[in-house]
>>> print(open('final_23.cif').read())   # mmCIF, C-alpha atoms
data_entry
loop_
_atom_site.label_atom_id
_atom_site.label_comp_id
_atom_site.auth_asym_id
_atom_site.auth_seq_id
_atom_site.Cartn_x
_atom_site.Cartn_y
_atom_site.Cartn_z
CA MET O 1 0.00 0.00 0.00
CA GLY O 2 2.97 2.30 0.53
CA ASN O 3 2.19 5.84 1.62
CA SER O 4 -0.85 6.24 -0.61
CA PRO O 5 -4.37 5.51 0.69
CA PRO O 6 -5.52 1.91 0.17
CA LYS O 7 -7.54 1.36 -3.00
CA ILE O 8 -10.90 -0.41 -2.91
CA ALA O 9 -12.50 -1.81 -6.06
CA PHE O 10 -16.29 -1.98 -6.05
CA LEU O 11 -17.26 -4.87 -8.35
CA LEU O 12 -20.70 -4.85 -9.96
CA ASP O 13 -22.33 -6.12 -13.11
CA ALA O 14 -24.28 -4.16 -15.69
CA ASN O 15 -27.57 -5.76 -14.55
CA ILE O 16 -27.43 -4.33 -11.04
CA SER O 17 -30.60 -2.79 -9.60
CA THR O 18 -30.93 0.94 -9.07
CA ASP O 19 -31.33 0.54 -5.31
CA LEU O 20 -28.04 -1.33 -4.98
CA LEU O 21 -26.29 1.00 -7.40
CA VAL O 22 -27.30 4.02 -5.34
CA GLN O 23 -25.83 2.34 -2.26
CA ILE O 24 -22.53 1.85 -4.10
CA GLU O 25 -22.54 5.34 -5.55
CA THR O 26 -23.13 6.98 -2.19
CA LEU O 27 -20.50 4.85 -0.49
CA ALA O 28 -17.95 5.67 -3.20
CA ARG O 29 -18.73 9.36 -2.92
CA GLY O 30 -18.29 9.25 0.85
CA ILE O 31 -14.96 7.46 0.49
CA GLY O 32 -13.87 9.99 -2.11
CA ASN O 33 -14.53 12.78 0.37
CA SER O 34 -12.40 11.10 3.02
CA SER O 35 -8.64 10.73 3.06
CA GLN O 36 -8.59 7.13 4.30
CA PHE O 37 -9.24 5.22 1.06
CA ARG O 38 -9.65 5.58 -2.67
CA ALA O 39 -12.48 3.92 -4.54
CA ARG O 40 -12.83 2.48 -8.01
CA LEU O 41 -16.02 1.35 -9.68
CA VAL O 42 -15.54 -1.68 -11.92
CA VAL O 43 -18.53 -2.66 -14.06
CA PHE O 44 -18.52 -6.11 -15.67
CA GLY O 45 -20.55 -6.69 -18.81
CA SER O 46 -22.21 -4.69 -21.55
CA VAL O 47 -23.91 -1.49 -20.39
CA ASP O 48 -27.19 -1.23 -22.32
CA SER O 49 -29.46 1.79 -22.54
CA ASP O 50 -32.09 0.21 -20.27
CA SER O 51 -29.65 -0.34 -17.39
CA ALA O 52 -29.27 1.66 -14.19
CA VAL O 53 -25.53 1.97 -14.88
CA PHE O 54 -26.23 3.69 -18.20
CA ARG O 55 -28.86 5.98 -16.69
CA ARG O 56 -26.63 7.05 -13.79
CA GLN O 57 -23.21 6.92 -15.46
CA GLU O 58 -22.48 10.64 -15.20
CA SER O 59 -23.12 10.56 -11.48
CA LEU O 60 -21.03 7.40 -11.18
CA ARG O 61 -18.09 8.97 -12.97
CA SER O 62 -17.92 11.87 -10.57
CA CYS O 63 -18.52 10.16 -7.24
CA PRO O 64 -15.19 8.46 -6.41
CA ASP O 65 -12.88 11.42 -7.06
CA ALA O 66 -14.31 14.76 -8.15
CA SER O 67 -10.85 16.06 -9.09
CA SER O 68 -10.42 13.41 -11.80
CA PRO O 69 -13.92 12.22 -12.66
CA GLN O 70 -12.99 10.24 -15.78
CA THR O 71 -10.39 7.93 -14.26
CA GLN O 72 -12.24 5.89 -11.66
CA LEU O 73 -15.06 4.15 -13.57
CA PHE O 74 -13.94 1.06 -15.50
CA HIS O 75 -15.71 -1.43 -17.75
CA LEU O 76 -14.46 -4.99 -18.13
CA PRO O 77 -15.89 -7.71 -20.37
CA LEU O 78 -18.00 -10.41 -18.82
CA ARG O 79 -18.16 -13.39 -21.09
CA GLN O 80 -19.93 -16.16 -19.25
CA SER O 81 -18.17 -15.58 -15.94
CA ILE O 82 -15.07 -14.10 -14.42
CA ARG O 83 -13.46 -17.52 -14.25
CA LEU O 84 -12.94 -17.35 -18.01
CA LEU O 85 -10.62 -14.40 -17.41
CA ASP O 86 -7.25 -15.55 -16.18
CA ALA O 87 -6.46 -14.30 -12.67
CA LEU O 88 -3.18 -12.86 -13.90
CA SER O 89 -5.01 -10.85 -16.57
CA LEU O 90 -7.26 -9.44 -13.88
CA ALA O 91 -4.26 -8.44 -11.82
CA ARG O 92 -2.67 -6.66 -14.78
CA SER O 93 -5.83 -4.86 -15.85
CA GLN O 94 -5.91 -1.13 -15.31
CA ALA O 95 -9.17 -1.47 -13.42
CA LEU O 96 -7.86 -3.76 -10.68
CA ALA O 97 -4.14 -2.94 -10.65
CA ASP O 98 -2.80 -2.06 -7.21
CA CYS O 99 -6.15 -2.56 -5.50
CA ASP O 100 -5.92 -3.60 -1.88
CA LEU O 101 -9.48 -4.85 -1.45
CA TRP O 102 -12.32 -6.06 -3.66
CA HIS O 103 -15.91 -5.41 -2.60
CA CYS O 104 -18.44 -7.40 -4.65
CA PHE O 105 -22.08 -6.29 -4.90
CA SER O 106 -23.53 -8.53 -7.64
CA LEU O 107 -24.65 -12.13 -7.27
CA SER O 108 -23.53 -13.03 -10.78
CA LEU O 109 -20.00 -11.85 -10.02
CA LEU O 110 -20.04 -13.61 -6.69
CA ASP O 111 -20.94 -16.85 -8.43
CA SER O 112 -18.00 -16.28 -10.74
CA LEU O 113 -15.54 -15.37 -7.97
CA LEU O 114 -16.44 -18.62 -6.24
CA GLY O 115 -15.25 -20.38 -9.39
CA LEU O 116 -11.71 -19.08 -8.92
CA PRO O 117 -9.40 -21.31 -6.88
CA ALA O 118 -9.11 -20.06 -3.32
CA ASN O 119 -5.39 -19.35 -3.75
CA ARG O 120 -6.00 -17.25 -6.87
CA LEU O 121 -7.93 -14.42 -5.22
CA LEU O 122 -5.52 -11.54 -5.63
CA CYS O 123 -6.41 -9.52 -2.53
CA PRO O 124 -8.91 -9.62 0.33
CA CYS O 125 -12.51 -9.74 -0.84
CA CYS O 126 -15.77 -8.89 0.87
CA LEU O 127 -19.29 -8.87 -0.49
CA THR O 128 -22.66 -7.29 0.18
CA LEU O 129 -25.90 -9.28 0.21
CA SER O 130 -29.22 -7.46 0.28
CA SER O 131 -31.42 -10.55 0.61
CA TRP O 132 -31.23 -14.35 0.71
CA PRO O 133 -29.27 -15.41 -2.42
CA GLY O 134 -30.63 -18.97 -2.55
CA ASP O 135 -29.58 -22.22 -0.93
CA ARG O 136 -27.22 -23.30 -3.74
CA LEU O 137 -25.14 -20.15 -3.61
CA VAL O 138 -25.10 -20.13 0.17
CA ARG O 139 -23.74 -23.68 0.22
CA ARG O 140 -20.91 -22.58 -2.07
CA LEU O 141 -20.26 -19.56 0.13
CA VAL O 142 -19.96 -21.77 3.19
CA ARG O 143 -17.53 -24.11 1.44
CA ARG O 144 -15.42 -21.13 0.35
CA SER O 145 -15.78 -19.01 3.49
CA SER O 146 -12.01 -18.74 3.87
CA SER O 147 -11.87 -16.81 0.57
CA PHE O 148 -13.86 -13.88 1.95
CA ALA O 149 -12.86 -11.42 4.61
CA ALA O 150 -16.45 -10.42 5.37
CA ILE O 151 -20.05 -10.55 4.25
CA VAL O 152 -22.03 -7.34 4.69
CA CYS O 153 -25.72 -8.11 5.32
CA PHE O 154 -28.54 -5.58 5.09
CA THR O 155 -30.43 -7.11 8.05
CA ASP O 156 -29.91 -9.16 11.20
CA ASP O 157 -32.22 -11.82 9.76
CA LEU O 158 -29.91 -12.33 6.79
CA ARG O 159 -26.83 -12.54 9.01
CA ASP O 160 -28.52 -15.07 11.31
CA ALA O 161 -29.60 -17.19 8.33
CA LEU O 162 -26.07 -17.25 6.89
CA ILE O 163 -24.60 -18.24 10.25
CA ALA O 164 -27.25 -20.96 10.65
CA ALA O 165 -26.21 -22.29 7.22
CA GLY O 166 -22.61 -22.60 8.42
CA PHE O 167 -20.88 -19.33 7.46
CA PRO O 168 -18.48 -18.16 10.21
CA ALA O 169 -20.19 -15.65 12.50
CA GLN O 170 -17.03 -13.55 12.88
CA ARG O 171 -17.09 -12.82 9.14
CA CYS O 172 -20.72 -11.68 9.00
CA THR O 173 -21.60 -8.08 9.78
CA VAL O 174 -24.80 -6.06 9.49
CA ILE O 175 -24.75 -2.63 7.85
CA SER O 176 -28.22 -1.27 7.16
CA PRO O 177 -28.75 0.27 3.73
CA GLU O 178 -29.38 3.97 3.26
CA LEU O 179 -32.62 5.18 1.72
CA PHE O 180 -31.91 8.22 -0.40
CA LEU O 181 -34.88 10.24 -1.57
CA GLU O 182 -33.48 11.73 -4.75
CA GLN O 183 -36.64 13.21 -6.19
CA GLN O 184 -40.03 14.43 -5.06
CA SER O 185 -42.91 11.98 -4.87
CA LEU O 186 -44.92 11.77 -8.09
CA GLU O 187 -48.65 11.65 -8.54
CA LYS O 188 -49.87 8.31 -9.87
CA SER O 189 -51.16 9.89 -13.07
CA ALA O 190 -47.80 11.56 -13.78
CA ALA O 191 -45.87 8.35 -13.09
CA ARG O 192 -48.08 6.34 -15.43
CA ARG O 193 -47.66 8.90 -18.17
CA LEU O 194 -43.88 8.49 -17.85
CA LEU O 195 -44.32 4.72 -18.12
CA ASP O 196 -46.87 5.07 -20.94
CA LEU O 197 -49.44 3.05 -18.99
CA PRO O 198 -53.24 3.55 -18.95
CA SER O 199 -54.66 5.24 -15.87
CA ASP O 200 -57.24 2.51 -15.23
CA LEU O 201 -54.86 -0.45 -14.76
CA ASP O 202 -54.87 -2.47 -11.54
CA LEU O 203 -51.08 -2.46 -11.27
CA ILE O 204 -48.98 -4.44 -8.82
CA LEU O 205 -45.22 -4.06 -8.42
CA ALA O 206 -42.88 -6.99 -7.86
CA ASP O 207 -39.69 -6.63 -5.83
CA SER O 208 -36.54 -6.26 -7.96
CA HIS O 209 -34.40 -7.56 -5.06
CA MET O 210 -35.87 -11.05 -5.28
CA SER O 211 -33.20 -13.34 -6.64
CA LEU O 212 -35.22 -16.55 -6.74
CA CYS O 213 -37.13 -17.09 -9.96
CA SER O 214 -39.80 -19.17 -8.19
CA HIS O 215 -41.05 -16.14 -6.29
CA GLN O 216 -41.70 -14.17 -9.46
CA GLN O 217 -43.37 -17.25 -10.94
CA GLN O 218 -45.75 -17.35 -8.00
CA ILE O 219 -46.73 -13.74 -8.70
CA SER O 220 -47.37 -14.60 -12.36
CA TRP O 221 -49.58 -17.57 -11.44
CA ALA O 222 -51.48 -15.51 -8.87
CA MET O 223 -52.04 -12.68 -11.35
CA ALA O 224 -53.38 -15.19 -13.88
CA VAL O 225 -55.99 -16.12 -11.28
CA VAL O 226 -56.80 -12.46 -10.55
CA GLY O 227 -56.88 -11.69 -14.27
CA GLN O 228 -59.81 -14.07 -14.77
CA PHE O 229 -62.15 -11.50 -13.21
CA ARG O 230 -60.09 -8.26 -13.25
CA HIS O 231 -59.21 -7.83 -16.91
CA ARG O 232 -57.20 -4.63 -16.29
CA ALA O 233 -54.84 -6.30 -13.83
CA ARG O 234 -51.12 -6.16 -14.66
CA VAL O 235 -47.88 -6.90 -12.81
CA MET O 236 -44.67 -4.92 -13.25
CA PHE O 237 -41.36 -6.80 -12.95
CA PRO O 238 -38.50 -4.28 -12.73
CA GLY O 239 -34.83 -5.14 -12.98
CA ARG O 240 -32.58 -6.89 -15.47
CA ASP O 241 -32.14 -10.27 -13.83
CA PRO O 242 -31.56 -12.82 -16.64
CA LEU O 243 -34.09 -15.09 -14.91
CA LEU O 244 -36.84 -12.68 -15.92
CA SER O 245 -36.71 -14.28 -19.37
CA ARG O 246 -38.32 -17.34 -17.77
CA ILE O 247 -41.08 -15.15 -16.36
CA ARG O 248 -41.74 -13.68 -19.81
CA HIS O 249 -42.00 -17.20 -21.24
CA LEU O 250 -44.36 -18.29 -18.46
CA ASP O 251 -46.40 -15.12 -18.93
CA ALA O 252 -47.00 -16.00 -22.59
CA THR O 253 -48.37 -19.45 -21.69
CA LEU O 254 -50.86 -18.34 -19.03
CA THR O 255 -54.54 -17.53 -19.47
CA PRO O 256 -54.95 -14.60 -19.81
CA PRO O 257 -51.47 -14.12 -21.31
CA PHE O 258 -49.10 -11.17 -21.25
CA LEU O 259 -50.06 -9.68 -17.90
CA GLY O 260 -46.45 -8.73 -17.22
CA ILE O 261 -44.78 -5.35 -17.78
CA TYR O 262 -40.97 -5.32 -17.87
CA PRO O 263 -39.45 -1.82 -17.48
CA ALA O 264 -35.91 -3.15 -16.81
CA GLU O 265 -33.97 -0.27 -15.15
CA LYS O 266 -35.06 2.57 -17.42
CA TYR O 267 -36.74 4.50 -14.61
CA GLU O 268 -35.94 5.57 -11.07
CA PRO O 269 -37.68 3.42 -8.43
CA GLU O 270 -39.76 6.40 -7.30
CA VAL O 271 -41.55 6.34 -10.66
CA LEU O 272 -42.44 2.65 -10.38
CA TYR O 273 -43.68 2.92 -6.80
CA ALA O 274 -45.78 6.00 -7.60
CA ALA O 275 -47.40 4.24 -10.56
CA ALA O 276 -48.30 1.05 -8.68
CA ASP O 277 -51.42 0.21 -6.68
CA LEU O 278 -49.77 -2.52 -4.62
CA LEU O 279 -46.34 -3.96 -3.76
CA VAL O 280 -46.19 -7.77 -3.62
CA LEU O 281 -43.36 -9.52 -1.75
CA PRO O 282 -43.68 -13.33 -1.87
CA ALA O 283 -40.09 -14.05 -0.75
CA THR O 284 -39.77 -16.54 2.10
CA GLY O 285 -36.18 -15.90 3.18
CA PRO O 286 -34.46 -12.79 4.58
CA ILE O 287 -35.28 -9.74 2.50
CA SER O 288 -33.94 -6.28 1.79
CA PRO O 289 -35.85 -3.58 3.70
CA LEU O 290 -35.48 -1.10 0.84
CA PRO O 291 -38.74 -2.06 -0.96
CA LEU O 292 -40.65 -1.59 2.30
CA PHE O 293 -39.08 1.81 2.85
CA ARG O 294 -39.99 2.89 -0.67
CA ALA O 295 -43.53 1.53 -0.31
CA ALA O 296 -43.92 3.43 2.96
CA ARG O 297 -42.83 6.67 1.34
CA ALA O 298 -45.33 6.15 -1.49
CA ARG O 299 -48.02 5.05 1.03
CA LEU O 300 -48.37 1.89 -1.04
CA PRO O 301 -50.19 -1.14 0.45
CA VAL O 302 -48.14 -4.33 0.72
CA VAL O 303 -48.93 -8.04 0.36
CA ALA O 304 -46.12 -10.20 1.75
CA SER O 305 -45.31 -13.71 2.91
CA ASP O 306 -46.21 -14.52 6.50
CA SER O 307 -42.57 -15.27 7.36
CA PRO O 308 -40.26 -14.21 10.20
CA SER O 309 -38.33 -11.80 7.95
CA PHE O 310 -41.46 -9.82 7.13
CA ARG O 311 -42.98 -10.06 10.60
CA ARG O 312 -40.05 -7.97 11.81
CA TYR O 313 -41.59 -5.04 9.90
CA LEU O 314 -45.19 -6.02 9.11
CA ALA O 315 -48.29 -7.09 11.02
CA HIS O 316 -51.26 -8.71 9.29
CA GLU O 317 -54.12 -6.27 8.69
CA ARG O 318 -52.28 -3.55 10.62
CA ASN O 319 -49.87 -2.30 7.95
CA ALA O 320 -49.94 -5.12 5.36
CA LEU O 321 -51.69 -8.32 4.31
CA LEU O 322 -49.62 -11.43 5.06
CA PHE O 323 -50.35 -14.72 3.29
CA SER O 324 -49.19 -18.30 3.79
CA PRO O 325 -49.71 -21.65 2.04
CA SER O 326 -53.25 -23.00 2.17
CA THR O 327 -53.43 -25.96 4.55
CA TYR O 328 -56.17 -27.70 2.62
CA SER O 329 -54.86 -27.28 -0.93
CA VAL O 330 -53.13 -30.09 -2.77
CA GLY O 331 -49.74 -29.91 -4.44
CA SER O 332 -46.33 -28.62 -3.43
CA ARG O 333 -45.83 -25.84 -0.88
CA SER O 334 -45.18 -23.39 -3.73
CA SER O 335 -48.44 -24.38 -5.46
CA ARG O 336 -50.35 -24.00 -2.21
CA ARG O 337 -49.22 -20.37 -2.00
CA ILE O 338 -50.84 -19.30 -5.28
CA ARG O 339 -54.50 -19.03 -4.23
CA PRO O 340 -53.86 -17.23 -0.89
CA LEU O 341 -51.61 -14.77 -2.73
CA ALA O 342 -54.28 -14.17 -5.39
CA VAL O 343 -56.95 -13.68 -2.70
CA ALA O 344 -54.81 -11.08 -0.90
CA ILE O 345 -54.13 -9.19 -4.15
CA ALA O 346 -57.81 -9.19 -5.07
CA ARG O 347 -58.77 -7.99 -1.59
CA ILE O 348 -56.56 -4.91 -1.96
CA PHE O 349 -58.03 -4.11 -5.37
CA GLU O 350 -61.60 -4.52 -4.14
CA ASP O 351 -61.29 -2.59 -0.85
CA ARG O 352 -59.68 0.80 -1.45
CA ASP O 353 -60.37 1.90 2.12
CA LEU O 354 -58.33 -1.06 3.37
CA ALA O 355 -55.57 -0.30 0.87
CA ASN O 356 -55.36 3.33 1.97
CA ARG O 357 -55.36 2.41 5.65
CA LEU O 358 -52.59 -0.17 5.24
CA GLY O 359 -50.46 2.20 3.17
CA GLY O 360 -50.84 5.03 5.67
CA ARG O 361 -50.05 2.83 8.65
CA LEU O 362 -47.00 1.37 6.90
CA ALA O 363 -45.67 4.89 6.38
CA GLN O 364 -45.92 5.56 10.11
CA ASP O 365 -44.42 2.24 11.24
CA ILE O 366 -41.52 1.96 8.80
CA ASN O 367 -40.40 5.57 8.91
CA SER O 368 -40.28 5.55 12.71
CA SER O 369 -38.04 2.45 12.71
CA PHE O 370 -35.49 3.67 10.15
CA LEU O 371 -32.40 5.53 11.35
CA PRO O 372 -30.29 6.76 8.40
CA GLY O 373 -26.70 7.90 8.37
CA GLY O 374 -24.69 4.94 9.63
CA SER O 375 -23.65 3.18 6.43
CA LEU O 376 -20.47 5.12 5.57
CA PRO O 377 -18.83 5.04 9.05
CA ALA O 378 -19.63 1.33 9.36
CA HIS O 379 -18.06 0.55 5.97
CA LEU O 380 -14.95 2.61 6.74
CA ALA O 381 -14.49 0.71 10.01
CA LEU O 382 -14.97 -2.60 8.19
CA TYR O 383 -12.33 -1.75 5.56
CA GLN O 384 -9.90 -0.65 8.25
CA ASN O 385 -10.42 -3.93 10.05
CA ILE O 386 -9.91 -6.07 6.93
CA LEU O 387 -6.75 -4.22 5.88
CA GLY O 388 -5.29 -4.29 9.38
CA LEU O 389 -5.37 -0.53 9.86
CA CYS O 390 -7.13 -0.85 13.21
CA PRO O 391 -6.45 -4.41 14.40
CA LEU O 392 -8.51 -4.07 17.58
CA ALA O 393 -11.72 -3.19 15.74
CA LYS O 394 -14.41 -5.84 15.54
CA ILE O 395 -16.52 -6.60 12.48
#
>>> encode(input="final_23.cif", output="structure tokens")
Amino acid sequence: MGNSPPKIAFLLDANISTDLLVQIETLARGIGNSSQFRARLVVFGSVDSDSAVFRRQESLRSCPDASSPQTQLFHLPLRQSIRLLDALSLARSQALADCDLWHCFSLSLLDSLLGLPANRLLCPCCLTLSSWPGDRLVRRLVRRSSSFAAIVCFTDDLRDALIAAGFPAQRCTVISPELFLEQQSLEKSAARRLLDLPSDLDLILADSHMSLCSHQQQISWAMAVVGQFRHRARVMFPGRDPLLSRIRHLDATLTPPFLGIYPAEKYEPEVLYAAADLLVLPATGPISPLPLFRAARARLPVVASDSPSFRRYLAHERNALLFSPSTYSVGSRSSRRIRPLAVAIARIFEDRDLANRLGGRLAQDINSSFLPGGSLPAHLALYQNILGLCPLAKI
């Protein structure tokens, strides 16, 4: 490291969600304003016009180092995975040369990093997880736990679940995300004009943080049920997760077909939340709190799984509707979730007084439990710990 500040490379892919990208951008800007570290943003993959990286690239270029805004944002190819790039080539690349720490934010890159032999990681590496990444990836993480200096979790529930799965507790830390309100709230009519959507749609919003394709599939099946009697019902799937191609294919086979709307990352989240009538969160594992914070700001009613992760924030019929598998239905547990989910969605559409009451109460409950401002100091302390700059600090 010499006498210069340690360099941290933030690794992300071009499909990253806006919410996660804003976390990275704000963290990089905070580091750039301090004298302790220097930050680099390294984007893997092709940056298309419907991506959050493309939409926010000017802001990204300026956030690590305002004095030289064009030198700290790098793009590297992503073929099928990082493992196809030789580790030595990575070390020699301008983007990662002389970096003292890698911080990974994208699940696709994490999957690729796990493909590198443990002795080929070129410097300490930590990663951020916003929600449960799936059992398969967690098993790989546990097997390769020695390759990572730390995992940053958005919630205590996520940390506890990783530890229960076998990841070392001393390498798991909780740093709550920041919610940055970058624009004024929109009226629903204005938001739908931006999205070019009719004003009379019954529009639900899916959570772009969900990484498990089965959860989006459950929304599609439930909306097919609702669509039998509410012909203006639609569901909006934001994000650029490659698994959304499966949802599009499923959508085309359902009756009625083509209920899905796929805005990718062309719009700020505030636009999507303002346009929606309902936020649906069918995830069963630990979740990111960011969708709930955004729903609270938009006073949007929420339908969510009746699971411990959601019960930390939500109470049935107080500030949300919680659903669980039907005891008397046949089929797998996933199949038994479809009808209760459809019933909860239909109930919100049919009872606007209930929807307004739940949205208003959610705004009170969530906003009172959110304390912003701690992300940057916590990250700086974590980096100091990993790099041995304050050996007595605890993660």
>>> closest_residue(input="final_23.cif", among="O:Pro340, O:Gly373, O:Pro238, O:Pro282", to="Ile261 of chain O", atoms="only C-alpha atoms")
O:Pro238
>>> residues_around(input="final_23.cif", residues="Gln23 of chain O", least_positions_apart="6", cutoff="12 Å", atoms="only C-alpha atoms", output="ChimeraX atom specification")
/O:10,12,16-17,29-30,60,63,105,128-130,154,175-180,290,375-376,379
>>> resolve_selection(input="final_23.cif", expression="the PyMOL selection byres ((chain O and resi 57) around 12)", output="ChimeraX atom specification")
/O:14,18,21-22,25,41,43,47-49,51-56,58-63,69-70,72-75
>>> resolve_selection(input="final_23.cif", expression="the PyMOL selection byres ((chain O and resi 276) around 12)", output="PyMOL selection string")
chain O and resi 186-192+195+197-207+233-238+261+269-275+277-280+294-295+298-302+349
>>> resolve_selection(input="final_23.cif", expression="the PyMOL selection byres ((chain O and resi 321) around 8)", output="list in words")
Val302, Val303, Ala304, Ala315, His316, Glu317, Arg318, Asn319, Ala320, Leu322, Phe323 and Ala344 of chain O
>>> residues_around(input="final_23.cif", residues="Asp157 of chain O", least_positions_apart="6", cutoff="9 Å", atoms="all atoms listed in the file", output="PyMOL selection string")
chain O and resi 285-287+308-309+312
>>> atom_distance(input="final_23.cif", atom1="atom CA of Tyr267 of chain O", atom2="atom CA of Asp196 of chain O")
12.0 Å
>>> closest_residue(input="final_23.cif", among="O:Gln94, O:Arg333, O:Leu141, O:Leu380", to="Ala28 of chain O", atoms="all atoms listed in the file")
O:Leu380
>>> atom_distance(input="final_23.cif", atom1="atom CA of Arg337 of chain O", atom2="atom CA of Ser108 of chain O")
28.1 Å
>>> closest_residue(input="final_23.cif", among="O:Ile219, O:Ala224, O:Asp50, O:Leu113", to="Leu11 of chain O", atoms="only C-alpha atoms")
O:Leu113
>>> residues_near_point(input="final_23.cif", point="(-10.5, -5.0, -4.2)", cutoff="12 Å", atoms="all atoms listed in the file", output="compact mmCIF listing (two decimals) with C-alpha atoms, in the frame of the given file")
# COMPACT_ATOMS: atom_id res chain seq x y z
CA PRO O 6 -5.52 1.91 0.17
CA LYS O 7 -7.54 1.36 -3.00
CA ILE O 8 -10.90 -0.41 -2.91
CA ALA O 9 -12.50 -1.81 -6.06
CA PHE O 10 -16.29 -1.98 -6.05
CA LEU O 11 -17.26 -4.87 -8.35
CA LEU O 12 -20.70 -4.85 -9.96
CA PHE O 37 -9.24 5.22 1.06
CA ARG O 38 -9.65 5.58 -2.67
CA ALA O 39 -12.48 3.92 -4.54
CA ARG O 40 -12.83 2.48 -8.01
CA LEU O 41 -16.02 1.35 -9.68
CA VAL O 42 -15.54 -1.68 -11.92
CA LEU O 90 -7.26 -9.44 -13.88
CA ALA O 91 -4.26 -8.44 -11.82
CA ALA O 95 -9.17 -1.47 -13.42
CA LEU O 96 -7.86 -3.76 -10.68
CA ALA O 97 -4.14 -2.94 -10.65
CA ASP O 98 -2.80 -2.06 -7.21
CA CYS O 99 -6.15 -2.56 -5.50
CA ASP O 100 -5.92 -3.60 -1.88
CA LEU O 101 -9.48 -4.85 -1.45
CA TRP O 102 -12.32 -6.06 -3.66
CA HIS O 103 -15.91 -5.41 -2.60
CA CYS O 104 -18.44 -7.40 -4.65
CA PHE O 105 -22.08 -6.29 -4.90
CA LEU O 121 -7.93 -14.42 -5.22
CA LEU O 122 -5.52 -11.54 -5.63
CA CYS O 123 -6.41 -9.52 -2.53
CA PRO O 124 -8.91 -9.62 0.33
CA CYS O 125 -12.51 -9.74 -0.84
CA CYS O 126 -15.77 -8.89 0.87
CA LEU O 127 -19.29 -8.87 -0.49
CA PHE O 148 -13.86 -13.88 1.95
CA ALA O 149 -12.86 -11.42 4.61
CA TYR O 383 -12.33 -1.75 5.56
CA ILE O 386 -9.91 -6.07 6.93
CA LEU O 387 -6.75 -4.22 5.88
